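Just structure.csv here, CSV, C-alpha atoms:
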chain,number,residue,atom,x,y,z
G,857,ARG,CA,107.7,131.6,141.9
G,858,VAL,CA,108.7,128.2,140.4
G,859,SER,CA,111.4,127.6,142.9
G,860,ARG,CA,109.3,128.3,146.0
G,861,PRO,CA,108.2,125.2,148.0
G,862,PRO,CA,104.7,124.0,147.4
G,863,ARG,CA,102.1,125.3,149.9
G,864,THR,CA,99.3,123.3,151.4
G,865,VAL,CA,96.0,124.9,150.4
G,866,SER,CA,93.2,125.4,152.8
G,867,LEU,CA,89.6,125.7,151.7
G,868,THR,CA,89.3,129.0,153.7
G,869,ASN,CA,92.7,130.4,152.5
G,870,GLY,CA,92.3,134.1,152.1
G,871,ASP,CA,95.9,135.3,152.0
G,872,VAL,CA,95.7,137.0,148.6
G,873,PRO,CA,95.0,140.7,148.9
G,874,HIS,CA,91.6,141.7,147.6
G,875,VAL,CA,91.8,143.6,144.4
G,876,PRO,CA,88.6,145.6,143.5
G,877,LEU,CA,87.0,144.4,140.3
G,878,LYS,CA,87.8,146.8,137.4
G,879,PRO,CA,85.1,147.3,134.8
G,880,GLN,CA,85.1,144.3,132.6
G,881,VAL,CA,86.5,144.9,129.1
G,882,ARG,CA,83.6,144.2,126.8
G,883,SER,CA,84.9,142.0,124.0
G,884,GLN,CA,83.3,140.3,121.0
G,885,GLU,CA,83.6,136.9,122.7
G,886,ARG,CA,81.1,137.9,125.4
G,887,LYS,CA,78.4,138.1,122.8
G,888,CYS,CA,78.4,134.3,122.4
G,889,PRO,CA,75.2,132.9,124.0
G,890,SER,CA,77.1,129.8,125.2
G,891,TRP,CA,79.5,132.0,127.3
G,892,SER,CA,77.8,134.2,129.9
G,893,ARG,CA,80.5,135.1,132.3
G,894,TYR,CA,83.5,133.9,134.4
G,895,CYS,CA,83.1,132.4,137.8
G,896,THR,CA,85.1,134.9,140.0
G,897,HIS,CA,85.3,135.8,143.7
G,898,GLU,CA,83.3,138.9,142.9
G,899,THR,CA,80.6,137.4,140.7
G,900,GLN,CA,80.1,134.2,142.7
G,901,ALA,CA,78.8,132.6,139.6
G,902,ALA,CA,78.9,128.8,139.8
G,903,ILE,CA,77.8,127.8,136.3
G,904,MET,CA,77.7,124.1,135.6
G,905,PRO,CA,79.7,122.9,132.6
G,906,ASP,CA,77.2,120.5,131.1
G,907,LYS,CA,74.8,123.0,129.3
G,908,ARG,CA,74.2,122.5,125.6
G,909,SER,CA,76.2,124.8,123.4
G,910,ALA,CA,74.2,127.7,122.1
G,911,CYS,CA,76.9,129.2,120.0
G,912,THR,CA,75.6,130.6,116.7
G,913,TRP,CA,78.9,130.2,114.8
G,914,ALA,CA,78.3,127.1,112.8
G,915,LEU,CA,80.4,125.3,110.2
G,916,GLY,CA,80.2,127.2,106.9
G,917,LYS,CA,79.5,130.6,108.4
G,918,PRO,CA,82.2,133.2,107.7
G,919,ALA,CA,84.5,134.5,110.5
G,920,THR,CA,82.7,137.8,110.2
G,921,GLU,CA,79.6,136.3,111.7
G,922,SER,CA,81.4,134.7,114.6
G,923,PRO,CA,80.8,136.2,118.1
G,924,HIS,CA,84.3,135.2,119.2
G,925,ARG,CA,87.6,137.0,119.3
G,926,HIS,CA,89.7,135.8,116.4
G,927,SER,CA,93.5,135.6,116.0
G,928,THR,CA,96.1,135.0,113.4
G,929,ARG,CA,99.3,133.0,113.5
G,930,GLY,CA,102.6,134.8,112.8
G,931,PRO,CA,106.1,133.5,112.2
G,932,LYS,CA,108.0,132.0,115.1
G,933,ALA,CA,110.9,134.0,116.5
G,934,LYS,CA,114.4,132.5,116.5
G,935,ILE,CA,114.7,133.4,120.2
G,936,PHE,CA,111.5,133.1,122.2
G,937,PRO,CA,110.7,135.8,124.9
G,938,ASP,CA,109.5,133.0,127.3
G,939,ILE,CA,108.5,129.4,127.2
G,940,LEU,CA,104.9,130.2,126.5
G,941,ALA,CA,105.9,131.3,123.0
G,942,HIS,CA,107.0,127.8,122.3
G,943,VAL,CA,103.5,126.4,122.8
G,944,GLY,CA,102.3,124.9,119.5
G,945,ASP,CA,104.0,124.4,116.1
G,946,THR,CA,104.5,120.8,117.0
G,947,PRO,CA,106.1,118.5,114.4
G,948,MET,CA,104.3,116.2,112.0
G,949,VAL,CA,106.0,112.8,111.7
G,950,ARG,CA,105.6,110.0,109.2
G,951,ILE,CA,104.7,106.6,110.7
G,952,ASN,CA,106.3,103.8,108.6
G,953,LYS,CA,106.3,100.5,110.4
G,954,ILE,CA,102.6,100.2,111.1
G,955,ASN,CA,101.8,100.7,107.4
G,956,LYS,CA,104.1,97.9,106.3
G,957,GLU,CA,102.9,95.4,109.0
G,958,TYR,CA,99.2,96.0,108.3
G,959,GLY,CA,99.3,96.8,104.6
G,960,VAL,CA,98.0,100.3,105.1
G,961,GLU,CA,98.2,102.1,101.7
G,962,CYS,CA,97.7,105.7,102.9
G,963,GLU,CA,100.4,107.9,104.3
G,964,LEU,CA,100.1,107.8,108.0
G,965,LEU,CA,101.2,110.9,110.0
G,966,ALA,CA,101.3,111.7,113.7
G,967,LYS,CA,101.2,115.2,115.1
G,968,CYS,CA,103.5,115.1,118.2
G,969,GLU,CA,101.7,117.2,120.8
G,970,PHE,CA,104.1,116.0,123.5
G,971,PHE,CA,106.6,118.5,122.1
G,972,ASN,CA,104.7,121.2,123.8
G,973,PRO,CA,106.7,122.5,126.8
G,974,GLY,CA,104.2,121.1,129.3
G,975,GLY,CA,104.1,117.8,127.5
G,976,SER,CA,100.5,117.8,126.1
G,977,ILE,CA,98.1,119.4,123.7
G,978,LYS,CA,96.4,121.1,126.7
G,979,ASP,CA,99.2,123.7,126.8
G,980,ARG,CA,97.5,125.3,123.9
G,981,ILE,CA,94.2,125.9,125.7
G,982,GLY,CA,95.9,126.8,129.0
G,983,LEU,CA,97.7,129.7,127.2
G,984,ARG,CA,94.7,130.8,125.2
G,985,MET,CA,92.4,130.8,128.3
G,986,VAL,CA,94.9,133.0,130.2
G,987,GLN,CA,95.3,135.4,127.3
G,988,GLU,CA,91.5,135.7,126.9
G,989,ALA,CA,90.9,136.4,130.6
G,990,GLU,CA,93.7,139.0,130.6
G,991,ARG,CA,92.2,140.8,127.6
G,992,ASP,CA,88.8,140.7,129.3
G,993,GLY,CA,90.2,142.4,132.4
G,994,ILE,CA,89.4,139.3,134.5
G,995,LEU,CA,93.0,138.3,135.2
G,996,ARG,CA,95.1,141.0,136.7
G,997,PRO,CA,97.8,141.4,139.4
G,998,GLY,CA,96.6,139.6,142.5
G,999,SER,CA,94.3,137.2,140.7
G,1000,VAL,CA,94.3,133.5,141.7
G,1001,ILE,CA,93.7,131.0,138.9
G,1002,ILE,CA,91.5,128.1,140.2
G,1003,GLU,CA,90.8,125.2,137.8
G,1004,PRO,CA,89.1,121.8,138.1
G,1005,THR,CA,90.9,119.4,135.8
G,1006,SER,CA,92.1,115.9,135.3
G,1007,GLY,CA,95.7,117.1,135.1
G,1008,ASN,CA,97.0,118.1,131.7
G,1009,THR,CA,95.0,121.4,131.5
G,1010,GLY,CA,96.2,122.1,135.0
G,1011,ILE,CA,99.8,121.8,133.9
G,1012,GLY,CA,99.2,124.2,131.0
G,1013,LEU,CA,97.6,126.7,133.3
G,1014,ALA,CA,100.2,126.3,136.0
G,1015,MET,CA,102.9,126.9,133.5
G,1016,ALA,CA,101.2,130.1,132.2
G,1017,ALA,CA,100.5,131.2,135.8
G,1018,ALA,CA,104.2,130.8,136.7
G,1019,ILE,CA,105.3,132.9,133.8
G,1020,ARG,CA,102.6,135.6,134.2
G,1021,GLY,CA,102.9,135.8,138.0
G,1022,TYR,CA,99.6,134.4,139.1
G,1023,ARG,CA,98.9,132.1,142.1
G,1024,CYS,CA,97.4,128.9,140.8
G,1025,ILE,CA,95.3,126.3,142.5
G,1026,ILE,CA,94.5,123.0,140.7
G,1027,VAL,CA,91.6,120.9,141.9
G,1028,LEU,CA,91.8,117.3,140.7
G,1029,PRO,CA,90.5,113.8,141.6
G,1030,GLU,CA,92.6,111.6,143.9
G,1031,LYS,CA,93.2,109.0,141.3
G,1032,MET,CA,95.2,111.2,139.0
G,1033,SER,CA,98.8,110.1,138.6
G,1034,ARG,CA,101.6,111.1,141.0
G,1035,GLU,CA,103.6,112.2,138.0
G,1036,LYS,CA,101.1,114.9,137.1
G,1037,VAL,CA,100.9,116.1,140.7
G,1038,ASP,CA,104.7,116.3,140.8
G,1039,VAL,CA,104.8,118.4,137.6
G,1040,LEU,CA,102.1,120.7,138.9
G,1041,ARG,CA,104.0,121.3,142.2
G,1042,ALA,CA,107.2,121.9,140.3
G,1043,LEU,CA,105.4,124.6,138.4
G,1044,GLY,CA,104.4,126.2,141.7
G,1045,ALA,CA,100.7,125.1,141.7
G,1046,GLU,CA,98.8,124.3,144.9
G,1047,ILE,CA,96.9,121.0,144.8
G,1048,VAL,CA,93.5,120.2,146.2
G,1049,ARG,CA,92.4,116.5,145.8
G,1050,THR,CA,88.8,115.4,145.6
G,1051,PRO,CA,87.2,111.9,145.7
G,1052,THR,CA,87.4,110.2,142.3
G,1053,SER,CA,84.0,108.6,142.8
G,1054,ALA,CA,82.2,111.9,143.4
G,1055,ARG,CA,79.7,112.9,140.7
G,1056,TYR,CA,80.4,116.1,138.9
G,1057,ASP,CA,77.4,117.8,140.5
G,1058,SER,CA,78.0,116.6,144.1
G,1059,PRO,CA,79.5,118.9,146.8
G,1060,GLU,CA,82.7,116.8,146.9
G,1061,SER,CA,83.4,116.9,143.2
G,1062,HIS,CA,86.4,118.7,141.7
G,1063,LEU,CA,83.9,121.2,140.1
G,1064,SER,CA,82.0,122.0,143.3
G,1065,VAL,CA,85.2,122.3,145.3
G,1066,ALA,CA,86.7,124.7,142.7
G,1067,PHE,CA,83.5,126.8,142.9
G,1068,ARG,CA,83.7,126.9,146.7
G,1069,LEU,CA,87.4,127.9,146.6
G,1070,CYS,CA,86.6,130.7,144.1
G,1071,LYS,CA,83.9,132.1,146.4
G,1072,GLU,CA,86.2,132.0,149.4
G,1073,ILE,CA,89.5,133.2,148.0
G,1074,PRO,CA,89.7,136.9,147.1
G,1075,GLY,CA,90.9,137.4,143.5
G,1076,GLY,CA,89.8,133.8,142.6
G,1077,VAL,CA,89.0,133.1,138.9
G,1078,ILE,CA,87.9,129.9,137.3
G,1079,LEU,CA,88.8,130.0,133.6
G,1080,ASP,CA,86.6,126.9,133.0
G,1081,GLN,CA,88.0,124.7,130.2
G,1082,TYR,CA,84.6,123.0,129.9
G,1083,ARG,CA,82.8,126.2,128.9
G,1084,THR,CA,85.1,128.8,127.7
G,1085,PRO,CA,85.4,129.4,123.9
G,1086,GLY,CA,89.1,129.8,124.4
G,1087,ASN,CA,89.4,126.0,124.6
G,1088,PRO,CA,88.1,125.1,121.1
G,1089,LEU,CA,89.3,128.3,119.5
G,1090,ALA,CA,92.9,127.5,120.5
G,1091,HIS,CA,92.6,124.4,118.3
G,1092,TYR,CA,90.8,126.2,115.5
G,1093,TYR,CA,93.6,128.8,115.1
G,1094,THR,CA,96.7,126.7,116.0
G,1095,THR,CA,96.3,122.9,116.0
G,1096,ALA,CA,94.1,122.8,112.8
G,1097,GLU,CA,96.0,125.5,111.0
G,1098,GLU,CA,99.3,123.8,111.6
G,1099,THR,CA,97.9,120.5,110.4
G,1100,LEU,CA,96.7,122.1,107.1
G,1101,GLU,CA,100.1,123.9,106.7
G,1102,GLN,CA,102.0,120.7,107.2
G,1103,CYS,CA,99.8,118.4,105.1
G,1104,GLY,CA,98.3,120.8,102.5
G,1105,ALA,CA,95.2,119.5,100.8
G,1106,ASN,CA,96.3,115.9,101.1
G,1107,VAL,CA,94.3,115.1,104.3
G,1108,GLY,CA,91.7,112.3,103.8
G,1109,MET,CA,91.1,111.5,107.4
G,1110,VAL,CA,91.9,112.9,110.8
G,1111,VAL,CA,91.7,110.7,113.9
G,1112,MET,CA,91.9,112.2,117.4
G,1113,SER,CA,91.0,111.4,120.9
G,1114,ALA,CA,88.0,113.1,122.6
G,1115,ALA,CA,88.0,114.3,126.2
G,1116,THR,CA,86.8,117.8,127.2
G,1117,GLY,CA,85.8,118.4,123.6
G,1118,GLY,CA,87.9,121.4,122.5
G,1119,THR,CA,90.1,119.5,120.1
G,1120,ILE,CA,87.4,117.3,118.6
G,1121,THR,CA,85.2,120.3,118.1
G,1122,ASN,CA,87.3,123.0,116.4
G,1123,VAL,CA,90.0,121.0,114.7
G,1124,PRO,CA,87.3,119.4,112.5
G,1125,ARG,CA,85.6,122.8,112.0
G,1126,LYS,CA,88.7,124.4,110.5
G,1127,ILE,CA,89.7,121.3,108.4
G,1128,LYS,CA,86.2,120.8,107.0
G,1129,GLU,CA,86.1,124.5,106.0
G,1130,LYS,CA,89.1,123.9,103.8
G,1131,LEU,CA,88.5,120.2,103.0
G,1132,PRO,CA,84.8,119.3,103.3
G,1133,ASP,CA,85.3,115.7,102.2
G,1134,CYS,CA,87.9,115.0,105.0
G,1135,LYS,CA,86.6,112.4,107.4
G,1136,ILE,CA,86.9,113.1,111.2
G,1137,ILE,CA,87.1,110.1,113.5
G,1138,GLY,CA,86.9,110.5,117.3
G,1139,VAL,CA,88.4,107.9,119.6
G,1140,HIS,CA,87.3,107.3,123.2
G,1141,ARG,CA,86.9,104.6,125.8
G,1142,GLN,CA,84.2,102.1,125.5
G,1143,GLU,CA,81.0,103.2,127.2
G,1144,SER,CA,82.1,106.8,126.9
G,1145,ILE,CA,79.2,109.3,127.1
G,1146,LEU,CA,81.2,111.5,124.6
G,1147,ALA,CA,80.9,108.9,121.9
G,1148,VAL,CA,77.1,108.6,121.8
G,1149,GLY,CA,74.7,110.6,119.8
G,1150,ALA,CA,73.1,113.8,121.0
G,1151,ASP,CA,69.8,112.1,121.4
G,1152,LYS,CA,71.3,109.8,124.0
G,1153,ALA,CA,73.8,112.0,125.5
G,1154,TYR,CA,71.3,114.2,127.3
G,1155,ASP,CA,68.9,111.6,128.5
G,1156,ASN,CA,68.6,110.5,132.1
G,1157,ARG,CA,71.0,107.6,132.0
G,1158,VAL,CA,74.1,107.7,134.0
G,1159,THR,CA,77.1,106.5,132.1
G,1160,MET,CA,80.3,106.3,134.0
G,1161,TYR,CA,83.8,105.6,132.7
G,1162,HIS,CA,87.3,106.2,133.9
G,1163,TYR,CA,89.4,108.5,131.6
G,1164,LEU,CA,93.0,108.9,132.7
G,1165,CYS,CA,91.8,107.7,136.1
G,1166,PHE,CA,89.2,110.5,136.1
G,1167,VAL,CA,85.4,109.9,136.2
G,1168,LEU,CA,83.4,112.1,133.8
G,1169,LEU,CA,79.7,112.0,133.8
G,1170,PHE,CA,78.7,114.9,131.6
G,1171,ILE,CA,79.2,116.3,128.1
G,1172,PRO,CA,81.0,119.7,128.3
G,1173,THR,CA,79.5,122.8,126.8
G,1174,VAL,CA,82.3,123.2,124.3
G,1175,ARG,CA,81.7,119.7,122.9
G,1176,GLU,CA,80.0,119.5,119.5
G,1177,ARG,CA,79.6,115.9,118.3
G,1178,GLU,CA,78.0,117.0,115.0
G,1179,LEU,CA,81.4,117.8,113.5
G,1180,VAL,CA,82.6,114.2,114.0
G,1181,ASP,CA,81.8,111.7,111.2
G,1182,ASP,CA,82.3,108.6,113.3
G,1183,PHE,CA,83.6,107.4,116.7
G,1184,GLY,CA,85.9,104.5,117.5
G,1185,SER,CA,86.3,103.0,120.9
G,1186,CYS,CA,89.3,101.5,122.7
G,1187,PRO,CA,89.1,99.0,125.5
G,1188,THR,CA,88.3,100.1,129.0
G,1189,ASN,CA,90.4,97.3,130.4
G,1190,SER,CA,93.6,99.1,131.6
G,1191,SER,CA,95.8,96.0,130.9
G,1192,ILE,CA,94.7,95.9,127.3
G,1193,SER,CA,95.3,99.7,127.0
G,1194,CYS,CA,98.8,99.2,128.4
G,1195,LEU,CA,99.5,96.5,125.8
G,1196,VAL,CA,98.5,98.9,123.0
G,1197,VAL,CA,100.9,101.5,124.4
G,1198,VAL,CA,103.8,99.0,124.6
G,1199,TYR,CA,103.0,97.9,121.1
G,1200,SER,CA,103.3,101.6,119.9
G,1201,TYR,CA,106.7,101.9,121.6
G,1202,SER,CA,108.1,99.0,119.6
G,1203,THR,CA,106.3,99.4,116.3
G,1204,ALA,CA,105.4,103.1,115.6
G,1205,ASP,CA,108.9,104.7,115.4
G,1206,MET,CA,108.2,106.9,118.4
G,1207,LEU,CA,107.6,107.0,122.2
G,1208,CYS,CA,104.0,107.9,122.8
G,1209,SER,CA,101.3,107.4,125.4
G,1210,ALA,CA,98.6,109.3,127.3
Once more with this new file: its structure as structure tokens, please.
Amino acid sequence: RVSRPPRTVSLTNGDVPHVPLKPQVRSQERKCPSWSRYCTHETQAAIMPDKRSACTWALGKPATESPHRHSTRGPKAKIFPDILAHVGDTPMVRINKINKEYGVECELLAKCEFFNPGGSIKDRIGLRMVQEAERDGILRPGSVIIEPTSGNTGIGLAMAAAIRGYRCIIVLPEKMSREKVDVLRALGAEIVRTPTSARYDSPESHLSVAFRLCKEIPGGVILDQYRTPGNPLAHYYTTAEETLEQCGANVGMVVMSAATGGTITNVPRKIKEKLPDCKIIGVHRQESILAVGADKAYDNRVTMYHYLCFVLLFIPTVRERELVDDFGSCPTNSSISCLVVVYSYSTADMLCSA
């Protein structure tokens, strides 16, 4: 599948054999009031991703009260059965030069998510989302994974689809980088581009086009990173667990970027369960709707910003701002952002960028 030439997708493509829907496996996760159902070719359910989270599992409640499917981490094998088994367990690296230059007295560590096989932290949620859908009986032979994304989640899903044997269609805005598109095609994914300027609720948006594809293509399934609990749970059980294992109880502050909201929601949840005094700082672009309070996030204002060349105008369902102690912002001016990245190359002991 990986070696086959990329195909040009058509919005009316129906070349995947229809597979009758098997009875859905009823799991604990389906009891979560924030997660009603998948959008599939059979259900025709186009559920918008900007609804408030209604999940009843709050910080401080035991796992026994959670409506979600929970998992445990086991030891890593010496020889992995496939590349998906290498997702996670990324290294924690000490940063030395920045401390000396700015007189930072604390120990500064960086968790290197670019060590994931797809190159980003989104590999974690791509794998978890596929696993959850398989356990629920939604993904099966003949299924077509369709996902609206800004790129990195698409890479994680395309990698999982290539290994599991699913056809994968990624819908992303036109302004996403050529490098991401090249990686997606190398993984066998089919690409559909949408106008970057389209609002998320417009017929031309990547979300609307994905819904339309799902309705038209037999076997289509949208795993929906903006709504599925598999997104934040991937970080609760892997990213946060690894951080605590690597650092122990000596974590005073965790700083992370905020995008879809899975990382910034459930990494803090796990860490605050173990270390309630730990401060969680989210970082996003200036004017980001994700960085404002809940009282402002759902008003009638339209706040637009470009994130990785992608326009986001809504707060995803999986996003819970209450778990973040404070937000910092970085410049929206791309030239300033580039200077920051170049500075990190020469100063921070490692190569890193978005």
Requested in this report: Find the residues near Val1107 of chain G: any atom within 12 Å, counting all atoms listed in the file, skip ones fewer than 5 places away on the same chain, and give them as an MDAnalysis selection string.
Outcome: chainID G and resid 962:965 1096 1099:1102 1124 1127:1128 1130:1136
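The coordinates place atom CA of Arg1034 of chain G at 27.6 Å from atom CA of Thr1084 of chain G.
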Query raised in the report: Of the candidates G:Gly1076, G:Gly982, G:Pro973, G:Gly1104, which shows the shortest atom-to-atom distance to Gly1118 of chain G, using all atoms listed in the file?
Result: G:Gly982
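Minimum distance to Asn1008 of chain G across G:Asn1106, G:Thr1052, G:Thr1094, G:Asn972 (counting only C-alpha atoms) occurs at G:Asn972.
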Requested in this report: Would you work out the distance separating atom CA of Thr928 of chain G from atom CA of Asp979 of chain G, expressed in Å to one decimal?
Outcome: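 About the pair atom CA of Thr928 of chain G and atom CA of Asp979 of chain G: they are 17.8 Å apart.
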Report task. Record the distance separating atom CA of Leu1089 of chain G and atom CA of Leu983 of chain G, expressed in Å with one decimal. Result -> 11.5 Å
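For the residues G:Arg1083, G:Phe1183, G:Ala1090, G:Ile1002, ranking by smallest atom-to-atom distance to Lys907 of chain G using all atoms listed in the file places G:Arg1083 first.
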Requested in this report: Kindly provide, as a ChimeraX atom specification, the polymer residues lying within 10 Å of (89.8, 120.0, 121.3), counting all atoms listed in the file and using the coordinates exactly as they appear in the file.
Outcome: /G:977-978,980-981,1087-1092,1095-1096,1112-1124,1174-1176
Just C-alpha atoms for this one: save the residues we selected as a short mmCIF file (atom, residue, chain, number, x, y, z; two decimals), in the frame of the given file.
data_model
loop_
_atom_site.label_atom_id
_atom_site.label_comp_id
_atom_site.auth_asym_id
_atom_site.auth_seq_id
_atom_site.Cartn_x
_atom_site.Cartn_y
_atom_site.Cartn_z
CA ILE G 977 98.10 119.40 123.70
CA LYS G 978 96.40 121.10 126.70
CA ARG G 980 97.50 125.30 123.90
CA ILE G 981 94.20 125.90 125.70
CA ASN G 1087 89.40 126.00 124.60
CA PRO G 1088 88.10 125.10 121.10
CA LEU G 1089 89.30 128.30 119.50
CA ALA G 1090 92.90 127.50 120.50
CA HIS G 1091 92.60 124.40 118.30
CA TYR G 1092 90.80 126.20 115.50
CA THR G 1095 96.30 122.90 116.00
CA ALA G 1096 94.10 122.80 112.80
CA MET G 1112 91.90 112.20 117.40
CA SER G 1113 91.00 111.40 120.90
CA ALA G 1114 88.00 113.10 122.60
CA ALA G 1115 88.00 114.30 126.20
CA THR G 1116 86.80 117.80 127.20
CA GLY G 1117 85.80 118.40 123.60
CA GLY G 1118 87.90 121.40 122.50
CA THR G 1119 90.10 119.50 120.10
CA ILE G 1120 87.40 117.30 118.60
CA THR G 1121 85.20 120.30 118.10
CA ASN G 1122 87.30 123.00 116.40
CA VAL G 1123 90.00 121.00 114.70
CA PRO G 1124 87.30 119.40 112.50
CA VAL G 1174 82.30 123.20 124.30
CA ARG G 1175 81.70 119.70 122.90
CA GLU G 1176 80.00 119.50 119.50
#
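The shortest atom-to-atom distance to Arg950 of chain G, with all atoms listed in the file taken into account, belongs to G:Cys1103 out of G:Met1109, G:Leu1063, G:Leu1043, G:Cys1103.
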Report task. List the neighbours of Glu1098 of chain G out to 9 Å using all atoms listed in the file; skip same-chain residues closer than 5 positions along the sequence, and give me the result as a VMD selection string. Result -> chain G and resid 944 to 946 1093 1103
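In terms of minimum interatomic distance to Pro997 of chain G, G:Gly1021 ranks closest within G:Gly959, G:Pro937, G:Pro905, G:Gly1021, counting only C-alpha atoms.
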